[in-house]
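So this one's data-v4.cif, mmCIF, C-alpha atoms:
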data_model
loop_
_atom_site.group_PDB
_atom_site.id
_atom_site.type_symbol
_atom_site.label_atom_id
_atom_site.label_comp_id
_atom_site.auth_asym_id
_atom_site.auth_seq_id
_atom_site.Cartn_x
_atom_site.Cartn_y
_atom_site.Cartn_z
ATOM 1 C CA MET A 1 -6.219 5.011 -9.978
ATOM 2 C CA LEU A 2 -6.906 4.125 -6.343
ATOM 3 C CA PHE A 3 -4.122 4.396 -3.747
ATOM 4 C CA PHE A 4 -3.830 2.533 -0.428
ATOM 5 C CA PRO A 5 -1.696 4.116 2.348
ATOM 6 C CA HIS A 6 1.109 2.538 4.320
ATOM 7 C CA ALA A 7 1.010 1.773 8.052
ATOM 8 C CA GLY A 8 0.452 5.001 9.944
ATOM 9 C CA GLY A 9 -0.282 6.777 6.677
ATOM 10 C CA ALA A 10 -3.323 8.571 5.319
ATOM 11 C CA ALA A 11 -4.819 9.413 1.951
ATOM 12 C CA SER A 12 -3.112 12.818 1.955
ATOM 13 C CA PHE A 13 0.278 11.114 1.509
ATOM 14 C CA TYR A 14 -0.624 10.599 -2.149
ATOM 15 C CA ALA A 15 -1.768 14.171 -2.873
ATOM 16 C CA PRO A 16 1.596 15.241 -4.381
ATOM 17 C CA PHE A 17 1.565 12.182 -6.655
ATOM 18 C CA ALA A 18 -2.035 12.769 -7.765
ATOM 19 C CA ARG A 19 -1.086 16.183 -9.126
ATOM 20 C CA LEU A 20 1.495 14.586 -11.434
ATOM 21 C CA PHE A 21 -0.907 12.370 -13.384
ATOM 22 C CA PRO A 22 -1.754 13.473 -16.915
ATOM 23 C CA GLU A 23 -5.167 14.920 -17.636
ATOM 24 C CA GLY A 24 -7.845 12.265 -17.964
ATOM 25 C CA TYR A 25 -6.791 10.084 -15.038
ATOM 26 C CA ASP A 26 -9.235 9.815 -12.159
ATOM 27 C CA VAL A 27 -7.054 9.576 -9.040
ATOM 28 C CA ALA A 28 -8.307 8.827 -5.530
ATOM 29 C CA ALA A 29 -6.977 7.362 -2.284
ATOM 30 C CA VAL A 30 -8.509 5.209 0.427
ATOM 31 C CA GLN A 31 -8.835 6.860 3.820
ATOM 32 C CA TYR A 32 -8.689 4.213 6.510
ATOM 33 C CA PRO A 33 -10.921 4.761 9.563
ATOM 34 C CA GLY A 34 -9.413 6.514 12.567
ATOM 35 C CA ARG A 35 -7.349 9.193 10.815
ATOM 36 C CA GLN A 36 -7.754 12.711 9.421
ATOM 37 C CA GLU A 37 -11.400 13.335 8.501
ATOM 38 C CA ARG A 38 -12.304 9.837 9.770
ATOM 39 C CA PHE A 39 -10.611 10.476 13.119
ATOM 40 C CA GLY A 40 -13.718 9.718 15.168
ATOM 41 C CA GLU A 41 -14.290 6.282 13.631
ATOM 42 C CA PRO A 42 -12.939 3.129 15.270
ATOM 43 C CA PHE A 43 -9.848 1.553 13.772
ATOM 44 C CA VAL A 44 -10.028 -1.552 11.614
ATOM 45 C CA GLU A 45 -7.588 -3.901 13.298
ATOM 46 C CA THR A 46 -6.575 -6.261 10.471
ATOM 47 C CA VAL A 47 -5.364 -6.025 6.889
ATOM 48 C CA GLU A 48 -8.122 -8.401 5.834
ATOM 49 C CA GLY A 49 -10.690 -6.248 7.603
ATOM 50 C CA LEU A 50 -9.558 -3.151 5.738
ATOM 51 C CA ALA A 51 -9.897 -4.988 2.428
ATOM 52 C CA ALA A 52 -13.349 -6.248 3.347
ATOM 53 C CA ARG A 53 -14.426 -2.699 4.167
ATOM 54 C CA VAL A 54 -13.221 -1.198 0.881
ATOM 55 C CA VAL A 55 -14.389 -3.893 -1.565
ATOM 56 C CA PRO A 56 -18.086 -2.874 -1.568
ATOM 57 C CA SER A 57 -17.022 0.568 -2.794
ATOM 58 C CA LEU A 58 -14.845 -0.952 -5.513
ATOM 59 C CA ARG A 59 -17.481 -3.109 -7.173
ATOM 60 C CA ARG A 60 -19.022 -0.260 -9.164
ATOM 61 C CA TRP A 61 -15.650 0.923 -10.477
ATOM 62 C CA ALA A 62 -14.528 -2.632 -11.254
ATOM 63 C CA ALA A 63 -17.650 -3.145 -13.370
ATOM 64 C CA GLU A 64 -16.894 -0.148 -15.585
ATOM 65 C CA PRO A 65 -15.099 -0.734 -18.921
ATOM 66 C CA VAL A 66 -12.090 1.426 -17.979
ATOM 67 C CA PRO A 67 -9.092 0.043 -16.055
ATOM 68 C CA LEU A 68 -9.202 0.173 -12.271
ATOM 69 C CA VAL A 69 -5.629 0.342 -10.969
ATOM 70 C CA LEU A 70 -5.190 -0.467 -7.274
ATOM 71 C CA VAL A 71 -1.900 0.866 -5.926
ATOM 72 C CA GLY A 72 -0.593 0.125 -2.445
ATOM 73 C CA HIS A 73 2.647 0.930 -0.680
ATOM 74 C CA SER A 74 3.976 -1.199 2.206
ATOM 75 C CA MET A 75 0.935 -2.211 4.318
ATOM 76 C CA GLY A 76 -1.211 -0.640 1.612
ATOM 77 C CA ALA A 77 0.133 -3.168 -0.895
ATOM 78 C CA SER A 78 -1.262 -5.973 1.264
ATOM 79 C CA VAL A 79 -4.638 -4.237 1.563
ATOM 80 C CA ALA A 80 -4.784 -3.672 -2.204
ATOM 81 C CA TYR A 81 -3.787 -7.284 -2.865
ATOM 82 C CA GLU A 82 -6.426 -8.646 -0.477
ATOM 83 C CA SER A 83 -8.998 -6.382 -2.136
ATOM 84 C CA VAL A 84 -8.152 -7.765 -5.575
ATOM 85 C CA LEU A 85 -8.386 -11.324 -4.233
ATOM 86 C CA ARG A 86 -11.888 -10.593 -2.972
ATOM 87 C CA LEU A 87 -12.949 -8.969 -6.233
ATOM 88 C CA GLY A 88 -11.496 -11.948 -8.094
ATOM 89 C CA SER A 89 -13.606 -14.364 -6.076
ATOM 90 C CA GLU A 90 -16.622 -12.468 -7.443
ATOM 91 C CA GLY A 91 -15.347 -12.547 -11.023
ATOM 92 C CA ALA A 92 -15.021 -8.761 -10.984
ATOM 93 C CA THR A 93 -11.386 -8.172 -11.976
ATOM 94 C CA ALA A 94 -11.552 -8.152 -15.781
ATOM 95 C CA HIS A 95 -10.543 -4.481 -15.853
ATOM 96 C CA CYS A 96 -8.361 -4.420 -12.720
ATOM 97 C CA ARG A 97 -4.632 -3.891 -12.348
ATOM 98 C CA LEU A 98 -2.535 -4.234 -9.194
ATOM 99 C CA VAL A 99 0.550 -2.227 -8.227
ATOM 100 C CA VAL A 100 2.424 -3.387 -5.116
ATOM 101 C CA SER A 101 5.179 -1.181 -3.754
ATOM 102 C CA GLY A 102 7.641 -1.682 -0.907
ATOM 103 C CA ARG A 103 6.228 -5.048 0.132
ATOM 104 C CA THR A 104 7.491 -8.623 0.126
ATOM 105 C CA ALA A 105 5.449 -11.217 -1.749
ATOM 106 C CA PRO A 106 2.924 -13.255 0.282
ATOM 107 C CA SER A 107 4.986 -16.390 -0.351
ATOM 108 C CA THR A 108 8.113 -14.790 1.148
ATOM 109 C CA PRO A 109 6.870 -13.305 4.423
ATOM 110 C CA ARG A 110 9.384 -11.436 6.502
ATOM 111 C CA GLU A 111 8.802 -11.272 10.217
ATOM 112 C CA THR A 112 7.781 -7.791 11.332
ATOM 113 C CA PRO A 113 9.978 -6.552 14.171
ATOM 114 C CA ALA A 114 8.224 -6.755 17.525
ATOM 115 C CA CYS A 115 7.488 -3.175 18.521
ATOM 116 C CA ASP A 116 6.113 -3.590 22.020
ATOM 117 C CA THR A 117 6.566 -0.013 23.176
ATOM 118 C CA ASP A 118 5.709 3.347 21.684
ATOM 119 C CA GLN A 119 9.395 4.233 21.479
ATOM 120 C CA GLU A 120 10.147 1.066 19.507
ATOM 121 C CA ILE A 121 7.338 1.919 17.087
ATOM 122 C CA LEU A 122 8.657 5.464 16.683
ATOM 123 C CA ASP A 123 12.233 4.277 16.195
ATOM 124 C CA HIS A 124 11.163 1.774 13.550
ATOM 125 C CA THR A 125 9.010 4.385 11.781
ATOM 126 C CA ALA A 126 11.837 6.905 11.781
ATOM 127 C CA GLY A 127 14.232 4.298 10.414
ATOM 128 C CA LEU A 128 12.035 3.642 7.400
ATOM 129 C CA GLY A 129 11.598 7.307 6.520
ATOM 130 C CA GLY A 130 8.389 8.614 5.000
ATOM 131 C CA THR A 131 7.321 10.404 8.186
ATOM 132 C CA ASP A 132 8.289 14.012 8.779
ATOM 133 C CA ALA A 133 10.812 14.109 11.618
ATOM 134 C CA ALA A 134 9.060 17.205 12.971
ATOM 135 C CA VAL A 135 5.919 15.140 13.512
ATOM 136 C CA LEU A 136 7.848 12.551 15.512
ATOM 137 C CA ARG A 137 9.237 15.304 17.764
ATOM 138 C CA ASP A 138 5.941 17.129 18.390
ATOM 139 C CA PRO A 139 4.121 15.768 21.481
ATOM 140 C CA ASP A 140 0.730 17.119 20.386
ATOM 141 C CA LEU A 141 0.985 15.579 16.931
ATOM 142 C CA MET A 142 2.246 12.317 18.359
ATOM 143 C CA ASP A 143 -0.864 12.077 20.539
ATOM 144 C CA LEU A 144 -2.767 11.842 17.251
ATOM 145 C CA VAL A 145 -0.297 9.702 15.313
ATOM 146 C CA LEU A 146 0.684 7.078 17.877
ATOM 147 C CA PRO A 147 -2.728 5.368 18.135
ATOM 148 C CA VAL A 148 -2.744 5.022 14.347
ATOM 149 C CA LEU A 149 0.764 3.561 14.321
ATOM 150 C CA ARG A 150 -0.042 1.139 17.143
ATOM 151 C CA ASN A 151 -3.103 -0.154 15.313
ATOM 152 C CA ASP A 152 -1.411 -0.503 11.946
ATOM 153 C CA TYR A 153 1.707 -2.168 13.325
ATOM 154 C CA ARG A 154 -0.488 -4.743 15.063
ATOM 155 C CA ALA A 155 -2.389 -5.293 11.809
ATOM 156 C CA VAL A 156 0.826 -5.895 9.864
ATOM 157 C CA THR A 157 2.190 -8.217 12.548
ATOM 158 C CA ARG A 158 -0.993 -10.308 12.591
ATOM 159 C CA TYR A 159 -1.354 -10.496 8.816
ATOM 160 C CA GLN A 160 -0.851 -14.022 7.503
ATOM 161 C CA PRO A 161 -1.443 -14.095 3.742
ATOM 162 C CA ASP A 162 -2.126 -17.273 1.855
ATOM 163 C CA PRO A 163 1.283 -18.155 0.336
ATOM 164 C CA ASP A 164 -0.407 -19.900 -2.587
ATOM 165 C CA ALA A 165 -3.027 -17.287 -3.488
ATOM 166 C CA VAL A 166 -3.026 -15.920 -7.038
ATOM 167 C CA VAL A 167 -4.789 -12.926 -8.560
ATOM 168 C CA ASP A 168 -5.963 -12.939 -12.162
ATOM 169 C CA THR A 169 -4.822 -9.367 -12.818
ATOM 170 C CA PRO A 170 -1.555 -7.933 -14.160
ATOM 171 C CA VAL A 171 0.837 -7.001 -11.350
ATOM 172 C CA LEU A 172 3.486 -4.284 -11.301
ATOM 173 C CA CYS A 173 5.910 -4.570 -8.387
ATOM 174 C CA LEU A 174 7.989 -1.549 -7.393
ATOM 175 C CA THR A 175 10.774 -1.594 -4.829
ATOM 176 C CA GLY A 176 13.786 0.401 -3.703
ATOM 177 C CA ASP A 177 17.252 -1.042 -4.169
ATOM 178 C CA ARG A 178 18.160 -0.149 -0.565
ATOM 179 C CA ASP A 179 14.895 -1.013 1.138
ATOM 180 C CA PRO A 180 15.769 -2.659 4.465
ATOM 181 C CA ARG A 181 12.397 -4.395 4.540
ATOM 182 C CA VAL A 182 12.270 -5.846 1.001
ATOM 183 C CA ALA A 183 15.061 -7.765 -0.717
ATOM 184 C CA PRO A 184 14.968 -7.816 -4.539
ATOM 185 C CA GLU A 185 14.171 -11.545 -4.628
ATOM 186 C CA GLU A 186 11.329 -11.021 -2.149
ATOM 187 C CA ALA A 187 9.844 -8.419 -4.461
ATOM 188 C CA ALA A 188 10.378 -10.573 -7.566
ATOM 189 C CA ALA A 189 8.420 -13.391 -5.915
ATOM 190 C CA TRP A 190 5.204 -11.445 -6.547
ATOM 191 C CA LYS A 191 5.403 -13.006 -10.022
ATOM 192 C CA THR A 192 4.121 -16.279 -8.561
ATOM 193 C CA HIS A 193 0.974 -14.552 -7.296
ATOM 194 C CA THR A 194 -0.526 -13.564 -10.630
ATOM 195 C CA SER A 195 -1.855 -15.596 -13.518
ATOM 196 C CA ALA A 196 -1.606 -12.515 -15.746
ATOM 197 C CA GLY A 197 1.359 -10.330 -16.653
ATOM 198 C CA PHE A 198 4.089 -9.320 -14.221
ATOM 199 C CA ARG A 199 6.668 -6.529 -14.214
ATOM 200 C CA LEU A 200 9.307 -5.673 -11.620
ATOM 201 C CA GLU A 201 10.904 -2.240 -11.400
ATOM 202 C CA ILE A 202 13.714 -1.563 -8.920
ATOM 203 C CA LEU A 203 14.326 2.134 -8.266
ATOM 204 C CA PRO A 204 17.109 3.825 -6.306
ATOM 205 C CA GLY A 205 16.208 4.414 -2.667
ATOM 206 C CA GLY A 206 15.034 2.955 0.590
ATOM 207 C CA HIS A 207 11.595 1.942 1.799
ATOM 208 C CA PHE A 208 10.028 5.228 0.685
ATOM 209 C CA PHE A 209 11.866 5.365 -2.644
ATOM 210 C CA LEU A 210 8.699 6.702 -4.296
ATOM 211 C CA THR A 211 9.058 10.077 -2.569
ATOM 212 C CA ASP A 212 12.506 10.433 -4.147
ATOM 213 C CA HIS A 213 11.237 9.616 -7.643
ATOM 214 C CA PRO A 214 7.633 10.856 -7.838
ATOM 215 C CA ASP A 215 7.633 11.424 -11.592
ATOM 216 C CA THR A 216 8.974 7.942 -12.330
ATOM 217 C CA PHE A 217 6.594 6.387 -9.824
ATOM 218 C CA VAL A 218 3.591 8.101 -11.414
ATOM 219 C CA ARG A 219 4.716 7.228 -14.933
ATOM 220 C CA LEU A 220 5.048 3.539 -14.085
ATOM 221 C CA VAL A 221 1.681 3.454 -12.338
ATOM 222 C CA ALA A 222 -0.036 5.319 -15.188
ATOM 223 C CA GLU A 223 1.326 2.817 -17.693
ATOM 224 C CA CYS A 224 -0.690 0.108 -15.941
ATOM 225 C CA ALA A 225 -3.850 1.587 -17.416
ATOM 226 C CA GLY A 226 -2.637 0.518 -20.863
ATOM 227 C CA ALA A 227 -4.058 -2.323 -22.901
ATOM 228 C CA ASN A 228 -1.958 -5.075 -21.314
ATOM 229 C CA GLY A 229 -1.801 -3.570 -17.831
ATOM 230 C CA ARG A 230 1.989 -3.318 -17.740
#
Render the structure in this file as C-alpha cells.
Amino acid sequence: MLFFPHAGGAASFYAPFARLFPEGYDVAAVQYPGRQERFGEPFVETVEGLAARVVPSLRRWAAEPVPLVLVGHSMGASVAYESVLRLGSEGATAHCRLVVSGRTAPSTPRETPACDTDQEILDHTAGLGGTDAAVLRDPDLMDLVLPVLRNDYRAVTRYQPDPDAVVDTPVLCLTGDRDPRVAPEEAAAWKTHTSAGFRLEILPGGHFFLTDHPDTFVRLVAECAGANGR
C-alpha cells in the first residue's frame, strides 16, 4: 500500500491510517521533495514531474506477484494516477490497483481557484480542512509550510491531464458527500478512465472526509488488495 499526499501535505499525514491496517500489509507513503526530512531538496513543480520521480522506485514493487495499491488523496490522486499511467506504458501494471480520493476525474476538470497571494492560499487551505488550525496561526510554522503550499498550488493549477487517458488497473474512487471541490458525478466519471473494474464509494464529510472515517477508509483501501482489486 503506497500513499501519495495532498497539496501541502507530507507522508506523515498517513501515519494514523497506517496503524489501522491488519497485520501482513506493507504500508508506506511517498515523501515529496522539499518537506520534512527532504526539506533541503528543491521542490518538484509539476504533478507530472512528481510522478516521473516516483516511478523508478515503483518498478521493483510492481514486478512482484503481490498487489501494489497506489492511494492518493486530492493532488496525491493525480500523482498516483499519472504514476500508474507511466507504469502502464511499460506494461508493468498487472498487479497494480489505484485508489483516487477527493479528486475530480481527468475528463471533468474543475478550475482551481486562483490563489495569487499567501493569504488566499491560507484561506483556501483552511476552508478545505485537513490542516491543523494551530499551524495556520503559528508564524514560525507558516514560514516552513507556505513555500510548500505555494509550490503545490501552482502544480495543481498547471496540471492538465489527458481527458481520454485510461489505466488498465482496477480503480476505487472515494469522495465525501459534502466535498466543495468534488461533485458526485465528477467522482463517478473516473469510471471512464479504467479498462478494468471500477467502484465508487461516497462517505459522509467534506474534502478531508477520510480523517472522519479512518477505519472505513482503511477497510476500503485494504479490500483493493483482493483478487479482483475492488
For the interface of stretch 143-165 of chain A with stretch 62-74 of chain A (cut-off 12 Å, counting all atoms listed in the file), please tabulate each contacting residue of stretch 143-165 of chain A alongside its nearest pair of atoms and their separation in Å to one decimal, rows sorted by chain and increasing number, as JSON lines.
{"residue": "A:Asp152", "atom": "CA", "partner": "A:Ser74", "partner_atom": "CA", "distance": 11.2}
{"residue": "A:Tyr153", "atom": "CA", "partner": "A:Ser74", "partner_atom": "CA", "distance": 11.4}
{"residue": "A:Val156", "atom": "CA", "partner": "A:Ser74", "partner_atom": "CA", "distance": 9.5}
Selection file, C-alpha atoms, as a CSV table (one decimal), in the coordinates of the input:
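The result, stored in out35.csv:
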chain,number,residue,atom,x,y,z
A,152,ASP,CA,-1.4,-0.5,11.9
A,153,TYR,CA,1.7,-2.2,13.3
A,156,VAL,CA,0.8,-5.9,9.9
Written as a VMD selection string, which residues does the PyMOL selection byres ((chain A and resi 173) around 8) give for the file shown?
-> chain A and resid 99 to 101 171 to 172 174 to 175 187 to 188 190 198 to 201
For the point (-2.8, -6.6, 9.2) in file coordinates, what residues are within 8 Å, counting all atoms listed in the file? Give the answer as number ranges by chain?
-> A: 45-48, 75, 152-160
Picked residues, the PyMOL selection byres ((chain A and resi 212-228) around 7), as a PyMOL selection string = chain A and resi 17+20-21+67+69+97+209-211+229-230
Would you list the residues near (-11.7, -9.4, -4.6) (no more than 12 Å away, in the coordinates of the file, using all atoms listed in the file) as a PyMOL selection string?
-> chain A and resi 48+51-59+62+70+79-94+96-98+165-169
Determine the residue membership of the PyMOL selection byres ((chain A and resi 15) around 12) for the file above and supply it as a PyMOL selection string.
-> chain A and resi 2-3+5+10-14+16-21+27-30+211+214+218
A:Gly76, A:Gly40, A:Gly8, A:Gly102 ranked by distance to A:Glu186, top pick (using all atoms listed in the file) |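 Under the stated criterion, the closest residue is A:Gly102.
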Between atom CA of A:Gly49 and atom CA of A:Arg35 - distance in Å to one decimal |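 It comes out at 16.1 Å.
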Atom pair atom CA of A:Pro204 + atom CA of A:Arg181, distance 14.4 Å
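For the pair atom CA of A:Gly206 and atom CA of A:Pro109, the interatomic distance is 18.6 Å.
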